[in-house]
>>> print(open('protein_15.cif').read())   # mmCIF, C-alpha atoms
data_query
#
loop_
_atom_site.group_PDB
_atom_site.id
_atom_site.type_symbol
_atom_site.label_atom_id
_atom_site.label_comp_id
_atom_site.auth_asym_id
_atom_site.auth_seq_id
_atom_site.Cartn_x
_atom_site.Cartn_y
_atom_site.Cartn_z
ATOM 1 C CA MET A 11 116.738 155.436 120.867
ATOM 2 C CA ALA A 12 116.807 154.525 124.553
ATOM 3 C CA PRO A 13 114.533 151.676 125.606
ATOM 4 C CA SER A 14 111.322 152.629 127.369
ATOM 5 C CA LEU A 15 108.398 150.855 128.978
ATOM 6 C CA PRO A 16 104.661 151.595 128.704
ATOM 7 C CA PRO A 17 102.663 151.761 131.942
ATOM 8 C CA PRO A 18 102.393 148.148 133.187
ATOM 9 C CA SER A 19 98.605 148.350 133.504
ATOM 10 C CA SER A 20 98.335 149.123 129.762
ATOM 11 C CA LEU A 21 100.194 145.994 128.585
ATOM 12 C CA LYS A 22 97.070 143.822 128.293
ATOM 13 C CA ASP A 23 95.524 146.267 125.797
ATOM 14 C CA LEU A 24 98.610 146.763 123.621
ATOM 15 C CA PRO A 25 99.252 144.914 120.353
ATOM 16 C CA GLN A 26 101.248 141.715 120.884
ATOM 17 C CA GLU A 27 104.327 143.211 119.212
ATOM 18 C CA GLN A 28 104.443 145.997 121.834
ATOM 19 C CA GLN A 29 103.878 143.499 124.641
ATOM 20 C CA PHE A 30 106.880 141.542 123.362
ATOM 21 C CA GLN A 31 108.964 144.744 123.113
ATOM 22 C CA ALA A 32 108.314 145.357 126.826
ATOM 23 C CA LEU A 33 109.367 141.775 127.624
ATOM 24 C CA ASP A 34 112.490 142.181 125.469
ATOM 25 C CA THR A 35 113.375 145.384 127.320
ATOM 26 C CA LEU A 36 113.105 143.684 130.719
ATOM 27 C CA PHE A 37 114.606 140.347 129.697
ATOM 28 C CA GLU A 38 116.640 139.489 126.617
ATOM 29 C CA SER A 39 114.760 138.868 123.389
ATOM 30 C CA SER A 40 113.626 135.241 123.190
ATOM 31 C CA PRO A 41 110.967 133.681 120.941
ATOM 32 C CA GLU A 42 110.453 131.047 123.654
ATOM 33 C CA LEU A 43 109.729 133.751 126.258
ATOM 34 C CA HIS A 44 107.249 135.360 123.857
ATOM 35 C CA THR A 45 105.468 131.998 123.417
ATOM 36 C CA LEU A 46 105.456 131.329 127.168
ATOM 37 C CA MET A 47 104.125 134.751 128.136
ATOM 38 C CA ALA A 48 101.774 135.665 125.225
ATOM 39 C CA PRO A 49 98.641 134.202 126.896
ATOM 40 C CA VAL A 50 99.552 135.792 130.242
ATOM 41 C CA LEU A 51 100.132 139.245 128.724
ATOM 42 C CA ALA A 52 96.878 139.026 126.742
ATOM 43 C CA GLY A 53 94.783 137.835 129.671
ATOM 44 C CA GLN A 54 96.100 139.547 132.775
ATOM 45 C CA THR A 55 96.512 143.132 133.930
ATOM 46 C CA PHE A 56 99.642 143.966 135.914
ATOM 47 C CA SER A 57 99.736 146.833 138.390
ATOM 48 C CA SER A 58 103.536 146.886 138.372
ATOM 49 C CA TYR A 59 106.456 145.557 136.396
ATOM 50 C CA SER A 60 107.602 143.785 139.532
ATOM 51 C CA SER A 61 104.425 141.662 139.502
ATOM 52 C CA LEU A 62 104.880 140.933 135.770
ATOM 53 C CA ILE A 63 108.506 139.899 136.364
ATOM 54 C CA ASP A 64 107.412 137.653 139.245
ATOM 55 C CA ALA A 65 104.850 136.047 136.890
ATOM 56 C CA VAL A 66 107.589 135.431 134.293
ATOM 57 C CA GLY A 67 109.847 133.942 136.981
ATOM 58 C CA GLY A 68 107.006 131.719 138.178
ATOM 59 C CA ARG A 69 106.313 130.457 134.659
ATOM 60 C CA MET A 70 110.020 129.741 134.105
ATOM 61 C CA SER A 71 110.265 127.913 137.441
ATOM 62 C CA ALA A 72 107.219 125.822 136.503
ATOM 63 C CA LEU A 73 108.983 124.822 133.277
ATOM 64 C CA SER A 74 112.074 123.773 135.229
ATOM 65 C CA ALA A 75 109.966 121.527 137.469
ATOM 66 C CA ALA A 76 108.248 119.831 134.529
ATOM 67 C CA ASN A 77 109.511 116.538 133.165
ATOM 68 C CA SER A 78 108.479 117.334 129.600
ATOM 69 C CA PRO A 79 111.407 117.588 127.141
ATOM 70 C CA THR A 80 109.450 120.326 125.314
ATOM 71 C CA ASP A 81 109.198 122.399 128.516
ATOM 72 C CA LYS A 82 112.939 121.931 129.124
ATOM 73 C CA ASP A 83 113.680 123.067 125.538
ATOM 74 C CA ILE A 84 111.550 126.186 126.003
ATOM 75 C CA LEU A 85 113.281 126.972 129.292
ATOM 76 C CA VAL A 86 116.782 126.443 127.873
ATOM 77 C CA GLY A 87 115.850 128.751 124.970
ATOM 78 C CA ILE A 88 114.848 131.481 127.414
ATOM 79 C CA LEU A 89 117.838 131.013 129.723
ATOM 80 C CA GLY A 90 120.230 130.868 126.761
ATOM 81 C CA SER A 91 118.997 134.211 125.419
ATOM 82 C CA HIS A 92 121.170 136.086 127.904
ATOM 83 C CA PRO A 93 124.520 137.269 126.540
ATOM 84 C CA ARG A 94 127.738 135.734 127.798
ATOM 85 C CA LEU A 95 129.376 137.851 130.479
ATOM 86 C CA GLY A 96 132.289 139.937 129.286
ATOM 87 C CA GLN A 97 131.632 139.146 125.620
ATOM 88 C CA PRO A 98 133.742 141.523 123.517
ATOM 89 C CA LYS A 99 131.707 144.262 121.849
ATOM 90 C CA THR A 100 133.019 143.136 118.465
ATOM 91 C CA ALA A 101 131.451 139.696 118.711
ATOM 92 C CA ALA A 102 128.967 139.666 115.868
ATOM 93 C CA VAL A 103 127.938 136.145 116.828
ATOM 94 C CA GLU A 104 125.857 137.332 119.713
ATOM 95 C CA HIS A 105 123.179 139.967 120.102
ATOM 96 C CA LEU A 106 123.918 142.214 123.060
ATOM 97 C CA SER A 107 121.071 144.549 123.996
ATOM 98 C CA GLU A 108 121.825 148.178 124.847
ATOM 99 C CA LEU A 109 120.897 147.506 128.463
ATOM 100 C CA SER A 110 123.214 144.486 128.686
ATOM 101 C CA LYS A 111 126.054 146.561 127.227
ATOM 102 C CA LYS A 112 125.588 149.158 129.972
ATOM 103 C CA GLU A 113 125.178 146.544 132.714
ATOM 104 C CA GLN A 114 128.344 144.718 131.679
ATOM 105 C CA ALA A 115 130.433 147.825 130.910
ATOM 106 C CA ASN A 116 132.883 147.260 133.767
ATOM 107 C CA LEU A 117 133.368 143.622 132.717
ATOM 108 C CA ASN A 118 134.584 144.695 129.291
ATOM 109 C CA THR A 119 137.477 146.761 130.613
ATOM 110 C CA GLY A 120 140.816 145.714 131.999
ATOM 111 C CA ALA A 121 143.578 143.389 130.990
ATOM 112 C CA GLY A 122 143.217 141.103 128.013
ATOM 113 C CA GLU A 123 144.367 138.271 130.251
ATOM 114 C CA GLN A 124 141.287 138.709 132.468
ATOM 115 C CA ALA A 125 139.032 138.875 129.406
ATOM 116 C CA GLU A 126 140.539 135.597 128.211
ATOM 117 C CA GLN A 127 140.007 134.069 131.669
ATOM 118 C CA LEU A 128 136.324 135.044 131.507
ATOM 119 C CA ARG A 129 136.029 133.579 127.990
ATOM 120 C CA VAL A 130 137.541 130.288 129.216
ATOM 121 C CA LEU A 131 135.260 130.246 132.282
ATOM 122 C CA ASN A 132 132.192 130.829 130.071
ATOM 123 C CA ALA A 133 133.206 127.844 127.906
ATOM 124 C CA GLU A 134 133.898 125.680 130.967
ATOM 125 C CA TYR A 135 130.545 126.651 132.497
ATOM 126 C CA GLU A 136 128.670 125.822 129.275
ATOM 127 C CA ASP A 137 130.429 122.419 129.119
ATOM 128 C CA LYS A 138 129.488 121.703 132.739
ATOM 129 C CA PHE A 139 125.855 122.821 132.268
ATOM 130 C CA PRO A 140 124.904 122.047 128.634
ATOM 131 C CA GLY A 141 122.337 124.459 127.232
ATOM 132 C CA LEU A 142 122.827 127.005 130.025
ATOM 133 C CA ARG A 143 124.682 130.294 130.128
ATOM 134 C CA PHE A 144 126.092 131.823 133.262
ATOM 135 C CA VAL A 145 123.763 134.649 134.300
ATOM 136 C CA THR A 146 124.220 136.794 137.373
ATOM 137 C CA PHE A 147 123.080 140.243 138.414
ATOM 138 C CA VAL A 148 126.360 142.122 137.831
ATOM 139 C CA ASN A 149 125.138 145.240 139.643
ATOM 140 C CA GLY A 150 128.490 147.042 139.429
ATOM 141 C CA ARG A 151 130.527 144.124 140.799
ATOM 142 C CA SER A 152 134.050 143.609 139.470
ATOM 143 C CA ARG A 153 135.125 140.959 137.018
ATOM 144 C CA ASP A 154 137.123 139.168 139.768
ATOM 145 C CA VAL A 155 134.036 138.871 141.992
ATOM 146 C CA ILE A 156 131.922 137.614 139.086
ATOM 147 C CA MET A 157 134.554 135.039 138.083
ATOM 148 C CA GLU A 158 134.781 133.819 141.683
ATOM 149 C CA GLU A 159 130.987 133.362 141.780
ATOM 150 C CA MET A 160 131.120 131.544 138.449
ATOM 151 C CA ARG A 161 133.797 129.155 139.741
ATOM 152 C CA GLU A 162 131.813 128.484 142.964
ATOM 153 C CA ARG A 163 128.666 127.677 141.002
ATOM 154 C CA MET A 164 130.562 125.319 138.698
ATOM 155 C CA ASN A 165 132.233 123.592 141.667
ATOM 156 C CA ARG A 166 128.826 123.112 143.273
ATOM 157 C CA GLY A 167 127.797 121.234 140.114
ATOM 158 C CA ASP A 168 124.047 121.307 140.838
ATOM 159 C CA ALA A 169 122.267 121.843 137.497
ATOM 160 C CA GLU A 170 118.790 122.214 139.043
ATOM 161 C CA ARG A 171 119.996 124.849 141.492
ATOM 162 C CA GLU A 172 121.833 126.527 138.624
ATOM 163 C CA VAL A 173 118.574 126.882 136.686
ATOM 164 C CA GLU A 174 116.935 128.425 139.787
ATOM 165 C CA GLU A 175 119.838 130.877 140.180
ATOM 166 C CA ILE A 176 119.672 131.895 136.517
ATOM 167 C CA ILE A 177 115.899 132.473 136.721
ATOM 168 C CA GLN A 178 116.394 134.551 139.882
ATOM 169 C CA ALA A 179 119.241 136.548 138.295
ATOM 170 C CA MET A 180 117.166 137.221 135.169
ATOM 171 C CA CYS A 181 114.298 138.473 137.344
ATOM 172 C CA ASP A 182 116.655 140.635 139.463
ATOM 173 C CA ILE A 183 118.112 142.161 136.290
ATOM 174 C CA ALA A 184 114.614 142.753 134.875
ATOM 175 C CA LYS A 185 113.454 144.464 138.098
ATOM 176 C CA ASP A 186 116.553 146.659 138.057
ATOM 177 C CA ARG A 187 115.882 147.626 134.439
ATOM 178 C CA ALA A 188 112.203 148.342 135.166
ATOM 179 C CA GLY A 189 113.182 150.556 138.100
ATOM 180 C CA LYS A 190 115.663 152.531 136.022
ATOM 181 C CA LEU A 191 113.331 152.934 133.052
ATOM 182 C CA GLN A 192 110.342 154.035 135.092
ATOM 183 C CA ASN A 193 112.140 156.827 136.960
#
>>> encode(input="protein_15.cif", output="structure tokens")
Amino acid sequence: MAPSLPPPSSLKDLPQEQQFQALDTLFESSPELHTLMAPVLAGQTFSSYSSLIDAVGGRMSALSAANSPTDKDILVGILGSHPRLGQPKTAAVEHLSELSKKEQANLNTGAGEQAEQLRVLNAEYEDKFPGLRFVTFVNGRSRDVIMEEMRERMNRGDAEREVEEIIQAMCDIAKDRAGKLQN
């Protein structure tokens, strides 16, 4: 069954499980994101998914600014919920949502050599930024372009900026999904 979203203004009145399903459709499923957003979803009405996504981004950014190890753990749990780019479809290790499969479709084609390059870059990135996964809004871009961006971000070596970029990418992806699912 294709993912769908209830009207954003109805979220506050839905059972928590359905609120979390909407979050999981926009973002990747993450118990930490559920914990972070449960009080917001229960207490606030959203006129659009864009405003909900901005609220999620704001909460994640607030966690990144905090000095609390607990806040950092929650944030890393959320940021790490995104699938690795170009992950082979056969990888049972990792959950890949239907929407991520579609979004990454062009990254999973092409020469095995390029797929191996992407696998190595993912590992290198995760060594450079422990606890993080490379997340970018693919948006139809080619594997070469994505790998170039990945290399640039690793060379920059700024973990705080990396967290900001991942939060922004997750929100861009979520807004794209919301737009596609509401039309």
>>> atom_distance(input="protein_15.cif", atom1="CA of Ala65 in chain A", atom2="CA of Asp168 in chain A")
24.5 Å
>>> closest_residue(input="protein_15.cif", among="A:Gly141, A:Gly53, A:Pro41, A:Gly167", to="Leu24 in chain A", atoms="all atoms listed in the file")
A:Gly53
>>> residues_around(input="protein_15.cif", residues="Asp137 in chain A", least_positions_apart="6", cutoff="12 Å", atoms="all atoms listed in the file", output="list in words")
Val130, Leu131, Arg143, Phe144, Met164, Gly167 and Ala169 of chain A
>>> resolve_selection(input="protein_15.cif", expression="the PyMOL selection byres ((chain A and resi 86) around 10)", output="ChimeraX atom specification")
/A:42,70,73-74,80-85,87-91,140-143,173
>>> closest_residue(input="protein_15.cif", among="A:Lys190, A:Val66, A:Ser58, A:Arg166", to="Thr45 in chain A", atoms="only C-alpha atoms")
A:Val66
>>> resolve_selection(input="protein_15.cif", expression="the PyMOL selection byres ((chain A and resi 33-37) around 10)", output="PyMOL selection string")
chain A and resi 13-15+27-32+38-41+43-44+47+51+59+62-63+66+88-89+91-92+107-110+180-188+191
>>> write_last_selection(input="protein_15.cif", atoms="C-alpha atoms", output="CSV table (one decimal), in the frame of the given file")
chain,number,residue,atom,x,y,z
A,13,PRO,CA,114.5,151.7,125.6
A,14,SER,CA,111.3,152.6,127.4
A,15,LEU,CA,108.4,150.9,129.0
A,27,GLU,CA,104.3,143.2,119.2
A,28,GLN,CA,104.4,146.0,121.8
A,29,GLN,CA,103.9,143.5,124.6
A,30,PHE,CA,106.9,141.5,123.4
A,31,GLN,CA,109.0,144.7,123.1
A,32,ALA,CA,108.3,145.4,126.8
A,38,GLU,CA,116.6,139.5,126.6
A,39,SER,CA,114.8,138.9,123.4
A,40,SER,CA,113.6,135.2,123.2
A,41,PRO,CA,111.0,133.7,120.9
A,43,LEU,CA,109.7,133.8,126.3
A,44,HIS,CA,107.2,135.4,123.9
A,47,MET,CA,104.1,134.8,128.1
A,51,LEU,CA,100.1,139.2,128.7
A,59,TYR,CA,106.5,145.6,136.4
A,62,LEU,CA,104.9,140.9,135.8
A,63,ILE,CA,108.5,139.9,136.4
A,66,VAL,CA,107.6,135.4,134.3
A,88,ILE,CA,114.8,131.5,127.4
A,89,LEU,CA,117.8,131.0,129.7
A,91,SER,CA,119.0,134.2,125.4
A,92,HIS,CA,121.2,136.1,127.9
A,107,SER,CA,121.1,144.5,124.0
A,108,GLU,CA,121.8,148.2,124.8
A,109,LEU,CA,120.9,147.5,128.5
A,110,SER,CA,123.2,144.5,128.7
A,180,MET,CA,117.2,137.2,135.2
A,181,CYS,CA,114.3,138.5,137.3
A,182,ASP,CA,116.7,140.6,139.5
A,183,ILE,CA,118.1,142.2,136.3
A,184,ALA,CA,114.6,142.8,134.9
A,185,LYS,CA,113.5,144.5,138.1
A,186,ASP,CA,116.6,146.7,138.1
A,187,ARG,CA,115.9,147.6,134.4
A,188,ALA,CA,112.2,148.3,135.2
A,191,LEU,CA,113.3,152.9,133.1
>>> atom_distance(input="protein_15.cif", atom1="CA of Glu170 in chain A", atom2="CA of Ser71 in chain A")
10.4 Å
>>> closest_residue(input="protein_15.cif", among="A:Leu95, A:Leu46, A:Gln178, A:Gln124", to="Met160 in chain A", atoms="all atoms listed in the file")
A:Leu95
>>> atom_distance(input="protein_15.cif", atom1="CA of Gly96 in chain A", atom2="CA of Leu128 in chain A")
6.7 Å
>>> residues_around(input="protein_15.cif", residues="Gln54 in chain A", least_positions_apart="3", cutoff="10 Å", atoms="only C-alpha atoms", output="short mmCIF file (atom, residue, chain, number, x, y, z; two decimals) with C-alpha atoms, in the coordinates of the input")
data_model
loop_
_atom_site.label_atom_id
_atom_site.label_comp_id
_atom_site.auth_asym_id
_atom_site.auth_seq_id
_atom_site.Cartn_x
_atom_site.Cartn_y
_atom_site.Cartn_z
CA SER A 19 98.60 148.35 133.50
CA LEU A 21 100.19 145.99 128.58
CA LYS A 22 97.07 143.82 128.29
CA ASP A 23 95.52 146.27 125.80
CA PRO A 49 98.64 134.20 126.90
CA VAL A 50 99.55 135.79 130.24
CA LEU A 51 100.13 139.24 128.72
CA SER A 57 99.74 146.83 138.39
CA LEU A 62 104.88 140.93 135.77
#
>>> axis_aligned_box(input="protein_15.cif", around="range 47-56 of chain A", padding_each_side="8 Å", output="lines of an AutoDock Vina configuration file")
center_x = 99.5
center_y = 139.1
center_z = 130.6
size_x = 25.3
size_y = 25.8
size_z = 26.7
>>> residues_around(input="protein_15.cif", residues="Val155 in chain A", least_positions_apart="5", cutoff="12 Å", atoms="all atoms listed in the file", output="PyMOL selection string")
chain A and resi 116-117+124+128+146-150+160-162
>>> write_last_selection(input="protein_15.cif", atoms="C-alpha atoms", output="mmCIF file, in the frame of the given file")
data_model
loop_
_atom_site.group_PDB
_atom_site.id
_atom_site.type_symbol
_atom_site.label_atom_id
_atom_site.label_comp_id
_atom_site.auth_asym_id
_atom_site.auth_seq_id
_atom_site.Cartn_x
_atom_site.Cartn_y
_atom_site.Cartn_z
ATOM 1 C CA ASN A 116 132.883 147.260 133.767
ATOM 2 C CA LEU A 117 133.368 143.622 132.717
ATOM 3 C CA GLN A 124 141.287 138.709 132.468
ATOM 4 C CA LEU A 128 136.324 135.044 131.507
ATOM 5 C CA THR A 146 124.220 136.794 137.373
ATOM 6 C CA PHE A 147 123.080 140.243 138.414
ATOM 7 C CA VAL A 148 126.360 142.122 137.831
ATOM 8 C CA ASN A 149 125.138 145.240 139.643
ATOM 9 C CA GLY A 150 128.490 147.042 139.429
ATOM 10 C CA MET A 160 131.120 131.544 138.449
ATOM 11 C CA ARG A 161 133.797 129.155 139.741
ATOM 12 C CA GLU A 162 131.813 128.484 142.964
#
>>> build_atoms(input="protein_15.cif", residues="range 35-57 of chain A", atoms="N, CA, C and O atoms", output="PDB file, in the frame of the given file")
ATOM      1  N   THR A  35     112.668 144.322 126.603  1.00  0.00           N
ATOM      2  CA  THR A  35     113.375 145.384 127.320  1.00  0.00           C
ATOM      3  C   THR A  35     113.752 144.903 128.723  1.00  0.00           C
ATOM      4  O   THR A  35     114.855 145.168 129.202  1.00  0.00           O
ATOM      5  N   LEU A  36     112.860 144.167 129.357  1.00  0.00           N
ATOM      6  CA  LEU A  36     113.105 143.684 130.719  1.00  0.00           C
ATOM      7  C   LEU A  36     114.041 142.480 130.737  1.00  0.00           C
ATOM      8  O   LEU A  36     114.916 142.370 131.589  1.00  0.00           O
ATOM      9  N   PHE A  37     113.804 141.566 129.812  1.00  0.00           N
ATOM     10  CA  PHE A  37     114.606 140.347 129.697  1.00  0.00           C
ATOM     11  C   PHE A  37     115.364 140.481 128.382  1.00  0.00           C
ATOM     12  O   PHE A  37     115.337 141.519 127.751  1.00  0.00           O
ATOM     13  N   GLU A  38     116.037 139.468 127.943  1.00  0.00           N
ATOM     14  CA  GLU A  38     116.640 139.489 126.617  1.00  0.00           C
ATOM     15  C   GLU A  38     115.625 138.908 125.641  1.00  0.00           C
ATOM     16  O   GLU A  38     114.794 138.098 126.020  1.00  0.00           O
ATOM     17  N   SER A  39     115.703 139.325 124.395  1.00  0.00           N
ATOM     18  CA  SER A  39     114.760 138.868 123.389  1.00  0.00           C
ATOM     19  C   SER A  39     114.841 137.350 123.228  1.00  0.00           C
ATOM     20  O   SER A  39     115.924 136.793 123.082  1.00  0.00           O
ATOM     21  N   SER A  40     113.679 136.695 123.290  1.00  0.00           N
ATOM     22  CA  SER A  40     113.626 135.241 123.190  1.00  0.00           C
ATOM     23  C   SER A  40     112.267 134.826 122.642  1.00  0.00           C
ATOM     24  O   SER A  40     111.246 135.100 123.274  1.00  0.00           O
ATOM     25  N   PRO A  41     112.245 134.165 121.475  1.00  0.00           N
ATOM     26  CA  PRO A  41     110.967 133.681 120.941  1.00  0.00           C
ATOM     27  C   PRO A  41     110.258 132.750 121.926  1.00  0.00           C
ATOM     28  O   PRO A  41     109.030 132.748 122.019  1.00  0.00           O
ATOM     29  N   GLU A  42     111.047 131.966 122.677  1.00  0.00           N
ATOM     30  CA  GLU A  42     110.453 131.047 123.654  1.00  0.00           C
ATOM     31  C   GLU A  42     109.768 131.818 124.782  1.00  0.00           C
ATOM     32  O   GLU A  42     108.699 131.406 125.250  1.00  0.00           O
ATOM     33  N   LEU A  43     110.359 132.939 125.207  1.00  0.00           N
ATOM     34  CA  LEU A  43     109.729 133.751 126.258  1.00  0.00           C
ATOM     35  C   LEU A  43     108.444 134.376 125.719  1.00  0.00           C
ATOM     36  O   LEU A  43     107.442 134.435 126.426  1.00  0.00           O
ATOM     37  N   HIS A  44     108.464 134.807 124.473  1.00  0.00           N
ATOM     38  CA  HIS A  44     107.249 135.360 123.857  1.00  0.00           C
ATOM     39  C   HIS A  44     106.132 134.313 123.879  1.00  0.00           C
ATOM     40  O   HIS A  44     105.005 134.602 124.277  1.00  0.00           O
ATOM     41  N   THR A  45     106.458 133.085 123.456  1.00  0.00           N
ATOM     42  CA  THR A  45     105.468 131.998 123.417  1.00  0.00           C
ATOM     43  C   THR A  45     104.936 131.701 124.818  1.00  0.00           C
ATOM     44  O   THR A  45     103.723 131.547 125.008  1.00  0.00           O
ATOM     45  N   LEU A  46     105.832 131.640 125.784  1.00  0.00           N
ATOM     46  CA  LEU A  46     105.456 131.329 127.168  1.00  0.00           C
ATOM     47  C   LEU A  46     104.531 132.397 127.744  1.00  0.00           C
ATOM     48  O   LEU A  46     103.561 132.089 128.426  1.00  0.00           O
ATOM     49  N   MET A  47     104.831 133.669 127.465  1.00  0.00           N
ATOM     50  CA  MET A  47     104.125 134.751 128.136  1.00  0.00           C
ATOM     51  C   MET A  47     102.978 135.367 127.333  1.00  0.00           C
ATOM     52  O   MET A  47     102.201 136.138 127.890  1.00  0.00           O
ATOM     53  N   ALA A  48     102.836 135.051 126.045  1.00  0.00           N
ATOM     54  CA  ALA A  48     101.774 135.665 125.225  1.00  0.00           C
ATOM     55  C   ALA A  48     100.386 135.522 125.862  1.00  0.00           C
ATOM     56  O   ALA A  48      99.665 136.523 125.993  1.00  0.00           O
ATOM     57  N   PRO A  49      99.982 134.308 126.306  1.00  0.00           N
ATOM     58  CA  PRO A  49      98.641 134.202 126.896  1.00  0.00           C
ATOM     59  C   PRO A  49      98.508 134.975 128.212  1.00  0.00           C
ATOM     60  O   PRO A  49      97.441 135.507 128.525  1.00  0.00           O
ATOM     61  N   VAL A  50      99.587 135.063 128.967  1.00  0.00           N
ATOM     62  CA  VAL A  50      99.552 135.792 130.242  1.00  0.00           C
ATOM     63  C   VAL A  50      99.398 137.289 129.979  1.00  0.00           C
ATOM     64  O   VAL A  50      98.565 137.963 130.591  1.00  0.00           O
ATOM     65  N   LEU A  51     100.193 137.813 129.045  1.00  0.00           N
ATOM     66  CA  LEU A  51     100.132 139.245 128.724  1.00  0.00           C
ATOM     67  C   LEU A  51      98.766 139.632 128.145  1.00  0.00           C
ATOM     68  O   LEU A  51      98.278 140.729 128.395  1.00  0.00           O
ATOM     69  N   ALA A  52      98.168 138.731 127.370  1.00  0.00           N
ATOM     70  CA  ALA A  52      96.878 139.026 126.742  1.00  0.00           C
ATOM     71  C   ALA A  52      95.719 138.904 127.731  1.00  0.00           C
ATOM     72  O   ALA A  52      94.676 139.536 127.533  1.00  0.00           O
ATOM     73  N   GLY A  53      95.910 138.125 128.786  1.00  0.00           N
ATOM     74  CA  GLY A  53      94.783 137.835 129.671  1.00  0.00           C
ATOM     75  C   GLY A  53      94.857 138.407 131.069  1.00  0.00           C
ATOM     76  O   GLY A  53      93.944 138.207 131.863  1.00  0.00           O
ATOM     77  N   GLN A  54      95.930 139.094 131.390  1.00  0.00           N
ATOM     78  CA  GLN A  54      96.100 139.547 132.775  1.00  0.00           C
ATOM     79  C   GLN A  54      96.574 140.988 132.797  1.00  0.00           C
ATOM     80  O   GLN A  54      97.399 141.389 131.975  1.00  0.00           O
ATOM     81  N   THR A  55      96.059 141.752 133.742  1.00  0.00           N
ATOM     82  CA  THR A  55      96.512 143.132 133.930  1.00  0.00           C
ATOM     83  C   THR A  55      97.513 143.141 135.080  1.00  0.00           C
ATOM     84  O   THR A  55      97.280 142.507 136.111  1.00  0.00           O
ATOM     85  N   PHE A  56      98.604 143.866 134.884  1.00  0.00           N
ATOM     86  CA  PHE A  56      99.642 143.966 135.914  1.00  0.00           C
ATOM     87  C   PHE A  56      99.679 145.384 136.453  1.00  0.00           C
ATOM     88  O   PHE A  56      99.722 146.339 135.688  1.00  0.00           O
ATOM     89  N   SER A  57      99.692 145.505 137.768  1.00  0.00           N
ATOM     90  CA  SER A  57      99.736 146.833 138.390  1.00  0.00           C
ATOM     91  C   SER A  57     101.160 147.371 138.448  1.00  0.00           C
ATOM     92  O   SER A  57     101.365 148.561 138.608  1.00  0.00           O
TER      93      SER A  57
END
